[in-house]
>>> print(open('model.cif').read())   # mmCIF, C-alpha atoms
data_work
#
loop_
_atom_site.label_atom_id
_atom_site.label_comp_id
_atom_site.auth_asym_id
_atom_site.auth_seq_id
_atom_site.Cartn_x
_atom_site.Cartn_y
_atom_site.Cartn_z
CA MET A 1 3.32 -24.09 -3.58
CA GLY A 2 1.25 -23.67 -6.74
CA LEU A 3 0.31 -20.08 -5.91
CA GLY A 4 3.87 -19.19 -4.91
CA ARG A 5 5.20 -20.66 -8.14
CA GLU A 6 2.73 -18.64 -10.17
CA LEU A 7 3.63 -15.43 -8.34
CA TYR A 8 7.35 -15.77 -8.86
CA ARG A 9 6.98 -16.87 -12.47
CA GLY A 10 4.57 -14.07 -13.26
CA THR A 11 1.79 -16.44 -14.40
CA ASN A 12 -0.74 -15.29 -11.79
CA ASP A 13 -3.98 -13.76 -13.02
CA PHE A 14 -5.92 -12.54 -9.98
CA ASP A 15 -9.31 -11.05 -10.72
CA PHE A 16 -8.64 -7.56 -9.35
CA PRO A 17 -11.79 -5.98 -10.85
CA ARG A 18 -13.95 -8.40 -8.87
CA VAL A 19 -12.01 -7.65 -5.65
CA TRP A 20 -12.42 -3.90 -6.24
CA ARG A 21 -16.14 -4.19 -5.49
CA PHE A 22 -15.36 -5.30 -1.95
CA THR A 23 -12.37 -3.02 -1.35
CA THR A 24 -14.30 0.06 -2.50
CA VAL A 25 -16.92 -0.56 0.16
CA LEU A 26 -14.17 -1.26 2.72
CA SER A 27 -12.35 2.00 1.90
CA VAL A 28 -15.56 4.05 2.14
CA VAL A 29 -16.37 2.51 5.53
CA LEU A 30 -12.85 3.11 6.89
CA VAL A 31 -12.84 6.71 5.66
CA LEU A 32 -16.24 7.40 7.25
CA ILE A 33 -15.10 5.89 10.57
CA SER A 34 -11.90 7.96 10.48
CA VAL A 35 -13.71 11.22 9.70
CA VAL A 36 -16.40 10.68 12.35
CA SER A 37 -13.79 9.73 14.97
CA PHE A 38 -11.64 12.75 14.14
CA PHE A 39 -14.50 15.24 14.56
CA THR A 40 -15.99 13.57 17.65
CA ARG A 41 -12.96 12.31 19.58
CA GLY A 42 -10.16 14.32 18.04
CA ILE A 43 -6.54 13.17 18.26
CA ALA A 44 -4.24 12.94 21.27
CA LEU A 45 -1.48 15.53 20.81
CA SER A 46 1.75 15.35 22.77
CA ILE A 47 3.09 18.24 24.83
CA ASP A 48 5.22 19.23 21.83
CA PHE A 49 2.00 20.53 20.26
CA GLU A 50 0.01 21.56 23.31
CA GLY A 51 2.88 22.64 25.56
CA GLY A 52 3.82 21.19 28.96
CA SER A 53 6.61 19.50 30.89
CA VAL A 54 8.13 16.04 30.97
CA TRP A 55 9.94 14.72 34.06
CA GLU A 56 12.21 11.66 33.95
CA ILE A 57 12.80 9.98 37.32
CA PRO A 58 15.60 7.33 37.28
CA SER A 59 14.37 5.04 40.06
CA THR A 60 13.58 1.35 40.39
CA THR A 61 11.13 1.79 43.28
CA PHE A 62 9.32 5.07 42.58
CA THR A 63 5.74 4.27 41.49
CA GLN A 64 3.12 5.97 39.37
CA ALA A 65 0.90 6.63 42.40
CA GLN A 66 3.77 8.38 44.21
CA ALA A 67 4.47 10.58 41.18
CA GLU A 68 0.81 11.60 40.86
CA GLU A 69 0.58 12.34 44.57
CA THR A 70 3.71 14.52 44.43
CA LEU A 71 2.53 16.52 41.41
CA ASN A 72 -1.06 17.07 42.61
CA LYS A 73 -0.09 20.28 44.44
CA PHE A 74 1.14 21.77 41.14
CA GLY A 75 -2.28 21.48 39.49
CA PRO A 76 -4.82 18.86 38.38
CA ASN A 77 -3.10 18.42 34.98
CA ALA A 78 0.47 18.16 36.26
CA ALA A 79 0.52 14.34 35.87
CA GLU A 80 -1.55 13.60 32.75
CA LYS A 81 0.52 10.68 31.53
CA VAL A 82 2.92 8.33 33.33
CA GLN A 83 4.89 5.55 31.65
CA GLU A 84 7.87 3.35 32.42
CA ALA A 85 10.90 3.23 30.12
CA THR A 86 14.23 1.41 30.01
CA THR A 87 17.50 3.16 29.31
CA THR A 88 20.20 1.75 27.02
CA GLU A 89 22.11 0.64 30.13
CA GLY A 90 19.08 -1.32 31.33
CA GLY A 91 17.99 1.10 34.05
CA ARG A 92 14.36 1.98 34.81
CA VAL A 93 13.00 5.46 34.20
CA LEU A 94 9.58 6.76 35.14
CA ARG A 95 8.50 9.38 32.58
CA VAL A 96 5.76 11.80 33.69
CA SER A 97 4.20 14.42 31.42
CA GLY A 98 1.74 17.16 32.31
CA GLN A 99 0.84 20.83 32.33
CA VAL A 100 2.36 23.50 34.61
CA ASP A 101 2.06 27.27 34.55
CA SER A 102 5.71 28.18 33.90
CA VAL A 103 9.24 26.90 33.44
CA ALA A 104 10.09 27.84 37.02
CA GLU A 105 7.18 25.77 38.31
CA GLY A 106 8.37 22.83 36.18
CA ALA A 107 11.81 23.02 37.82
CA GLU A 108 10.18 23.22 41.26
CA ALA A 109 8.16 20.09 40.47
CA ALA A 110 11.36 18.29 39.43
CA ASP A 111 12.91 19.04 42.81
CA ALA A 112 9.79 17.76 44.58
CA LEU A 113 9.89 14.52 42.57
CA ALA A 114 13.59 14.03 43.37
CA GLU A 115 12.91 14.48 47.06
CA ALA A 116 10.00 12.01 46.98
CA ALA A 117 12.10 9.42 45.11
CA GLY A 118 15.12 9.85 47.40
CA LEU A 119 17.32 11.34 44.67
CA GLN A 120 19.50 14.39 44.36
CA PRO A 121 17.71 17.49 42.96
CA GLY A 122 19.66 17.43 39.69
CA GLU A 123 18.98 13.74 38.98
CA VAL A 124 15.38 14.34 37.85
CA LYS A 125 15.46 15.78 34.33
CA VAL A 126 12.73 18.16 33.18
CA ASN A 127 11.89 19.37 29.70
CA THR A 128 9.34 22.17 29.28
CA VAL A 129 7.87 23.11 25.88
CA GLY A 130 5.65 26.07 25.08
CA PRO A 131 2.54 25.71 22.89
CA SER A 132 3.92 28.12 20.27
CA TRP A 133 6.58 25.58 19.27
CA GLY A 134 3.90 22.97 18.53
CA GLU A 135 1.92 25.47 16.47
CA ASP A 136 5.03 26.19 14.42
CA ILE A 137 5.55 22.47 13.75
CA THR A 138 1.91 22.07 12.72
CA SER A 139 2.02 24.99 10.28
CA GLN A 140 5.27 23.77 8.71
CA ALA A 141 3.91 20.24 8.34
CA ARG A 142 0.75 21.61 6.70
CA LEU A 143 2.79 23.72 4.29
CA SER A 144 5.06 20.77 3.45
CA LEU A 145 2.04 18.59 2.70
CA ILE A 146 0.51 21.17 0.36
CA VAL A 147 3.78 21.71 -1.54
CA PHE A 148 4.28 17.95 -1.74
CA MET A 149 0.82 17.36 -3.23
CA VAL A 150 1.19 20.14 -5.81
CA LEU A 151 4.64 19.00 -6.99
CA ILE A 152 3.57 15.38 -7.21
CA ALA A 153 0.47 16.30 -9.21
CA LEU A 154 2.56 18.32 -11.67
CA TYR A 155 5.16 15.57 -12.04
CA ILE A 156 2.69 12.74 -12.64
CA THR A 157 0.76 14.90 -15.10
CA TRP A 158 3.95 15.64 -17.02
CA ARG A 159 5.39 12.13 -16.83
CA LEU A 160 2.15 10.16 -17.27
CA GLU A 161 -1.20 11.95 -17.55
CA ALA A 162 -3.61 14.11 -15.57
CA LYS A 163 -6.14 11.36 -14.82
CA MET A 164 -3.47 9.20 -13.28
CA ALA A 165 -2.28 12.17 -11.21
CA LEU A 166 -5.82 12.71 -9.92
CA ALA A 167 -6.23 9.04 -8.95
CA ALA A 168 -2.81 9.00 -7.26
CA LEU A 169 -3.64 12.08 -5.18
CA VAL A 170 -6.96 10.55 -4.14
CA ALA A 171 -5.03 7.48 -2.97
CA VAL A 172 -2.65 9.71 -0.96
CA VAL A 173 -5.58 11.54 0.67
CA HIS A 174 -7.09 8.11 1.42
CA ASP A 175 -3.87 7.11 3.21
CA ILE A 176 -3.79 10.36 5.18
CA ILE A 177 -7.38 9.98 6.38
CA ILE A 178 -6.94 6.30 7.31
CA THR A 179 -3.72 6.98 9.24
CA VAL A 180 -5.24 9.90 11.13
CA GLY A 181 -8.30 7.75 11.80
CA VAL A 182 -6.21 4.99 13.37
CA TYR A 183 -4.59 7.52 15.70
CA SER A 184 -7.97 9.01 16.54
CA VAL A 185 -9.86 5.76 17.13
CA PHE A 186 -7.18 4.27 19.39
CA GLN A 187 -6.16 7.66 20.85
CA ILE A 188 -2.50 7.13 20.05
CA GLU A 189 -0.41 10.16 20.96
CA VAL A 190 0.83 12.24 18.04
CA THR A 191 4.41 13.48 18.42
CA PRO A 192 6.86 15.28 16.10
CA ALA A 193 8.31 11.86 15.23
CA THR A 194 4.83 10.83 14.10
CA VAL A 195 4.60 13.85 11.79
CA ILE A 196 8.03 13.12 10.28
CA SER A 197 7.20 9.49 9.58
CA PHE A 198 3.77 10.53 8.34
CA LEU A 199 5.33 12.69 5.63
CA THR A 200 7.74 9.86 4.81
CA ILE A 201 5.03 7.29 4.09
CA LEU A 202 3.42 9.52 1.48
CA GLY A 203 6.46 9.07 -0.74
CA PHE A 204 6.29 5.29 -0.37
CA SER A 205 2.59 5.26 -1.28
CA LEU A 206 3.23 7.26 -4.45
CA TYR A 207 6.24 5.14 -5.38
CA ASP A 208 4.12 2.00 -5.41
CA THR A 209 1.40 3.72 -7.42
CA ILE A 210 3.80 5.07 -10.04
CA VAL A 211 5.33 1.61 -10.51
CA VAL A 212 1.85 0.33 -11.38
CA TYR A 213 1.17 3.28 -13.68
CA ASP A 214 4.41 2.81 -15.56
CA ARG A 215 3.50 -0.77 -16.41
CA VAL A 216 -0.05 0.28 -17.35
CA GLN A 217 1.30 2.88 -19.75
CA GLU A 218 3.58 0.31 -21.37
CA ASN A 219 0.85 -2.31 -21.75
CA GLY A 220 -1.82 0.18 -22.75
CA SER A 221 0.15 1.73 -25.61
CA ARG A 222 0.83 -1.73 -27.06
CA LEU A 223 -2.43 -3.54 -26.46
CA ALA A 224 -4.75 -0.69 -27.42
CA ARG A 225 -3.80 -1.26 -31.07
CA THR A 226 -5.17 -4.81 -31.01
CA GLY A 227 -8.68 -3.69 -30.11
CA GLN A 228 -9.16 -6.82 -27.99
CA TYR A 229 -8.55 -5.53 -24.46
CA THR A 230 -10.48 -2.98 -22.44
CA TYR A 231 -8.63 -0.65 -20.09
CA ALA A 232 -9.84 -2.75 -17.16
CA ALA A 233 -8.20 -5.82 -18.74
CA VAL A 234 -4.96 -3.87 -19.29
CA MET A 235 -5.00 -2.71 -15.66
CA ARG A 236 -5.69 -6.23 -14.41
CA ARG A 237 -2.75 -7.63 -16.35
CA SER A 238 -0.46 -4.81 -15.21
CA LEU A 239 -1.37 -5.30 -11.55
CA ASN A 240 -0.66 -9.01 -11.82
CA GLN A 241 2.73 -8.26 -13.34
CA VAL A 242 3.79 -5.88 -10.54
CA PHE A 243 1.94 -7.60 -7.69
CA MET A 244 4.89 -9.69 -6.54
CA ARG A 245 7.21 -6.71 -6.72
CA SER A 246 4.86 -4.60 -4.59
CA LEU A 247 4.42 -7.43 -2.09
CA ASN A 248 8.16 -8.05 -1.76
CA THR A 249 8.94 -4.35 -1.42
CA THR A 250 6.33 -3.91 1.30
CA LEU A 251 7.39 -7.00 3.27
CA ILE A 252 11.09 -6.11 3.11
CA THR A 253 10.26 -2.60 4.34
CA ILE A 254 7.89 -3.73 7.09
CA ILE A 255 10.33 -6.21 8.67
CA PRO A 256 12.87 -3.58 9.91
CA VAL A 257 10.03 -1.24 10.91
CA LEU A 258 8.52 -4.00 13.06
CA SER A 259 11.95 -4.66 14.55
CA VAL A 260 12.31 -1.02 15.57
CA LEU A 261 8.79 -1.00 17.02
CA ILE A 262 9.18 -4.23 19.01
CA ILE A 263 12.76 -3.77 20.17
CA GLY A 264 12.85 0.02 20.44
CA GLN A 265 9.61 0.54 22.30
CA GLY A 266 8.70 -2.92 23.53
CA LEU A 267 12.05 -3.90 25.03
CA PHE A 268 13.81 -0.59 25.69
CA GLY A 269 10.80 1.69 26.14
CA GLN A 270 12.05 4.32 23.68
CA ALA A 271 8.93 6.32 22.96
CA THR A 272 10.43 8.24 20.04
CA LEU A 273 11.33 5.05 18.17
CA GLY A 274 7.88 3.67 18.88
CA ASP A 275 6.10 6.77 17.56
CA PHE A 276 8.20 6.85 14.41
CA SER A 277 7.92 3.15 13.58
CA LEU A 278 4.20 2.86 14.37
CA ALA A 279 3.29 5.63 11.94
CA LEU A 280 5.54 4.06 9.32
CA LEU A 281 3.90 0.66 9.78
CA ILE A 282 0.38 2.06 9.36
CA GLY A 283 1.43 4.10 6.34
CA LEU A 284 3.23 1.22 4.60
CA ILE A 285 0.21 -1.05 4.83
CA SER A 286 -2.20 1.68 3.78
CA GLY A 287 0.06 2.83 0.92
CA THR A 288 0.36 -0.64 -0.60
CA TYR A 289 -3.37 -1.18 -0.27
CA SER A 290 -4.27 2.15 -1.88
CA SER A 291 -1.98 1.66 -4.87
CA LEU A 292 -3.73 -1.62 -5.77
CA PHE A 293 -7.28 -1.01 -4.61
CA VAL A 294 -7.84 2.77 -4.66
CA ALA A 295 -5.69 4.38 -7.35
CA ALA A 296 -6.05 1.51 -9.84
CA PRO A 297 -9.88 1.20 -9.92
CA LEU A 298 -10.31 4.98 -9.94
CA THR A 299 -7.97 5.22 -12.92
CA VAL A 300 -10.01 2.55 -14.73
CA VAL A 301 -13.22 4.48 -14.11
CA LEU A 302 -11.70 7.67 -15.51
CA LYS A 303 -9.98 6.05 -18.50
CA GLU A 304 -12.91 3.89 -19.60
CA ARG A 305 -14.78 7.11 -20.38
CA GLU A 306 -12.28 8.07 -23.07
CA PRO A 307 -13.48 7.67 -26.69
CA ARG A 308 -10.80 5.17 -27.75
CA TRP A 309 -11.52 2.80 -24.86
CA ARG A 310 -15.26 3.18 -25.32
CA GLU A 311 -14.74 2.26 -28.96
CA VAL A 312 -12.84 -0.89 -27.94
CA ARG A 313 -15.72 -1.88 -25.68
CA SER A 314 -18.25 -1.27 -28.47
CA LYS A 315 -16.28 -3.40 -30.94
CA LEU A 316 -16.06 -6.26 -28.46
CA GLU A 317 -19.82 -6.11 -27.91
CA ALA A 318 -20.40 -6.05 -31.68
CA ARG A 319 -18.34 -9.25 -32.07
CA GLY A 320 -20.38 -10.93 -29.36
CA ALA A 321 -17.59 -10.81 -26.75
CA ASP A 322 -18.11 -9.87 -23.12
CA PRO A 323 -16.26 -6.57 -22.39
CA SER A 324 -16.47 -7.22 -18.65
CA ASP A 325 -14.38 -10.38 -19.06
CA THR A 326 -10.86 -9.17 -18.18
CA THR A 327 -9.23 -12.61 -18.01
CA TRP A 328 -5.78 -12.75 -19.60
CA TYR A 329 -6.16 -15.73 -21.93
CA GLY A 330 -2.44 -15.89 -22.63
CA ILE A 331 -2.11 -17.30 -19.12
CA THR A 332 -5.38 -18.52 -17.69
CA THR A 333 -7.56 -20.21 -20.31
CA ALA A 334 -10.94 -21.81 -20.62
CA THR A 335 -9.45 -25.30 -20.60
CA GLY A 336 -7.97 -24.79 -17.13
CA VAL A 337 -4.45 -25.51 -18.44
CA ARG A 338 -1.85 -22.82 -17.96
CA GLY A 339 -0.74 -21.30 -21.22
CA ARG A 340 -2.98 -23.41 -23.47
CA ALA A 341 -6.43 -22.68 -24.84
CA THR A 342 -8.36 -24.62 -27.40
CA VAL A 343 -9.16 -22.89 -30.67
CA PRO A 344 -12.52 -23.86 -32.21
CA PRO A 345 -12.19 -26.78 -34.66
CA ARG A 346 -12.01 -26.06 -38.35
CA PRO A 347 -12.36 -28.34 -41.36
CA SER A 348 -9.12 -29.81 -42.59
CA ALA A 349 -8.04 -30.12 -46.17
CA GLY A 350 -8.91 -33.82 -46.20
CA GLY A 351 -12.46 -33.33 -45.09
CA GLY A 352 -11.81 -34.20 -41.45
CA VAL A 353 -11.65 -31.90 -38.47
CA ALA A 354 -8.38 -30.49 -37.28
CA THR A 355 -7.84 -28.82 -33.93
CA ALA A 356 -5.42 -26.19 -32.93
CA THR A 357 -4.07 -25.04 -29.64
CA ARG A 358 -2.81 -21.72 -28.42
CA GLU A 359 0.36 -22.34 -26.54
CA ARG A 360 2.54 -19.99 -24.54
CA THR A 361 6.08 -19.61 -25.71
CA ALA A 362 9.02 -18.81 -23.46
CA ALA A 363 10.51 -16.07 -25.56
CA PRO A 364 9.81 -12.73 -23.86
CA GLY A 365 8.75 -9.90 -26.09
CA SER A 366 8.10 -12.08 -29.14
CA THR A 367 4.93 -11.79 -31.19
CA GLY A 368 2.70 -14.71 -31.96
CA ALA A 369 0.90 -15.58 -35.15
CA ASP A 370 -2.13 -13.64 -34.00
CA GLY A 371 -0.09 -10.57 -33.17
CA GLU A 372 -0.66 -10.78 -29.41
CA SER A 373 2.29 -10.33 -27.11
CA ASN A 374 2.53 -9.02 -23.58
CA GLY A 375 6.28 -8.54 -23.55
CA ASP A 376 6.98 -10.87 -20.64
CA GLY A 377 6.85 -14.35 -22.08
CA ASP A 378 3.08 -14.72 -22.29
CA THR A 379 2.94 -14.77 -26.08
CA ALA A 380 0.13 -16.79 -27.59
CA VAL A 381 1.02 -18.62 -30.80
CA ALA A 382 -1.43 -20.65 -32.88
CA ARG A 383 -0.04 -24.10 -33.52
CA PRO A 384 -1.96 -26.69 -35.54
CA ALA A 385 -2.34 -30.12 -33.99
CA ALA A 386 -1.59 -33.39 -35.73
CA PRO A 387 -4.10 -34.51 -38.42
CA SER A 388 -7.09 -36.23 -36.95
CA THR A 389 -7.92 -39.90 -37.64
CA PHE A 390 -11.21 -41.56 -38.38
CA GLY A 391 -12.75 -44.39 -36.35
CA GLY A 392 -9.81 -44.46 -33.98
CA HIS A 393 -7.57 -46.37 -36.47
CA PRO A 394 -4.23 -45.04 -37.64
CA PRO A 395 -3.96 -44.09 -41.32
CA ARG A 396 -2.84 -46.81 -43.75
CA PRO A 397 0.86 -46.45 -44.61
CA ARG A 398 1.60 -45.50 -48.17
CA LYS A 399 3.30 -48.02 -50.46
CA LYS A 400 6.75 -47.20 -51.67
CA LYS A 401 7.08 -46.64 -55.38
CA LYS A 402 9.26 -49.07 -57.27
CA ARG A 403 12.16 -47.59 -59.14
#
>>> encode(input="model.cif", output="structure tokens")
Amino acid sequence: MGLGRELYRGTNDFDFPRVWRFTTVLSVVLVLISVVSFFTRGIALSIDFEGGSVWEIPSTTFTQAQAEETLNKFGPNAAEKVQEATTTEGGRVLRVSGQVDSVAEGAEAADALAEAAGLQPGEVKVNTVGPSWGEDITSQARLSLIVFMVLIALYITWRLEAKMALAALVAVVHDIIITVGVYSVFQIEVTPATVISFLTILGFSLYDTIVVYDRVQENGSRLARTGQYTYAAVMRRSLNQVFMRSLNTTLITIIPVLSVLIIGQGLFGQATLGDFSLALLIGLISGTYSSLFVAAPLTVVLKEREPRWREVRSKLEARGADPSDTTWYGITTATGVRGRATVPPRPSAGGGVATATRERTAAPGSTGADGESNGDGDTAVARPAAPSTFGGHPPRPRKKKKR
């Protein structure tokens, strides 16, 4: 309950820079596994890319062994894949895919399957696709991806800056490699529906990244003037501010995708819905991950090299502060109390010692006495405490003057 309250109130302060050390290693390992699997095992392409025929046999008793036995005389690759599906009316369909030499031979195989299943010749549907159609889809998808990357790079450079565009594109490439790696490792069949959903998830990944960048730009332009926050600290605060939004957006998007995957393919056996939703699910998870743990740390590495941010780091070191400490003290403080940090004691006018506290106010966008404000209600204001007493006794009350 405490963590949930912090997330929804925006008072969370997760140490993202510390987590980046682990996620960087994780991303490198996943990318290496994906690349090695792609070049050694390849990916399983559907007949839409390689060419072939698909036969649908509407029968409740016809088995996979019978279908393979019937198609053996048409070649060793005539029955490469056999799966059961359920129609919208609840009927059973046995779907067989494989390679034949021509369209005429595919129609002949359909008649042989109908005879073996005890059906009329026209009841077994056949769909034959040539390999040239799959090549055309592949070339168009490749061209779409290149145009997409170029336009996105130009837009982010114009709207934000070039270093952010570079980090965002690296995150997109990361998502592409991871998604292809999942399909390669588990040998999941790639269909045209997979390609369509694959291009769709790239937009979602960039959307999440640009939301983070927009908040970073806002915080960076305001906090850079104080000279008290490194770019890593600005990025940490920005990620904490948008973390709940990213999490909610991803969960709300994943729920219907899971519904389509479970109901569409699991219950009704609709392969097209399964292919589309599975690629979306992988891409949504990878896109959210990359926006927080790939694009963000890479942007910090690039931006920390700039002269103004190097100067901030040098000034902090000169004052004896630790530049690697990215904690947002307007929220999480050394005392362990939310929104309150103790200021070092200073001598009071009466010779005693007075203390002061830094307390968070509830007015968003206001500026505290020290000039620090994060624009979302985390303003730190110095407030003096009550005068201290000596020996634990209250001060002697003053006598009233006689008139």
>>> resolve_selection(input="model.cif", expression="the PyMOL selection byres ((chain A and resi 15-32) around 8)", output="PyMOL selection string")
chain A and resi 13-14+33-36+174+177-178+181+232+236+239+293-294+297+326-327
>>> closest_residue(input="model.cif", among="A:Gln265, A:Gln228, A:Asn72, A:Glu105", to="Arg319 (chain A)", atoms="all atoms listed in the file")
A:Gln228
>>> residues_around(input="model.cif", residues="Leu284 (chain A)", least_positions_apart="6", cutoff="9 Å", atoms="all atoms listed in the file", output="PyMOL selection string")
chain A and resi 201-202+204-205+250+253-254
>>> closest_residue(input="model.cif", among="A:Ser259, A:Val300, A:Glu218, A:Tyr229", to="Glu317 (chain A)", atoms="all atoms listed in the file")
A:Tyr229
>>> resolve_selection(input="model.cif", expression="the PyMOL selection byres ((chain A and resi 75) around 10)", output="number ranges by chain")
A: 71-74, 76-79, 98-101
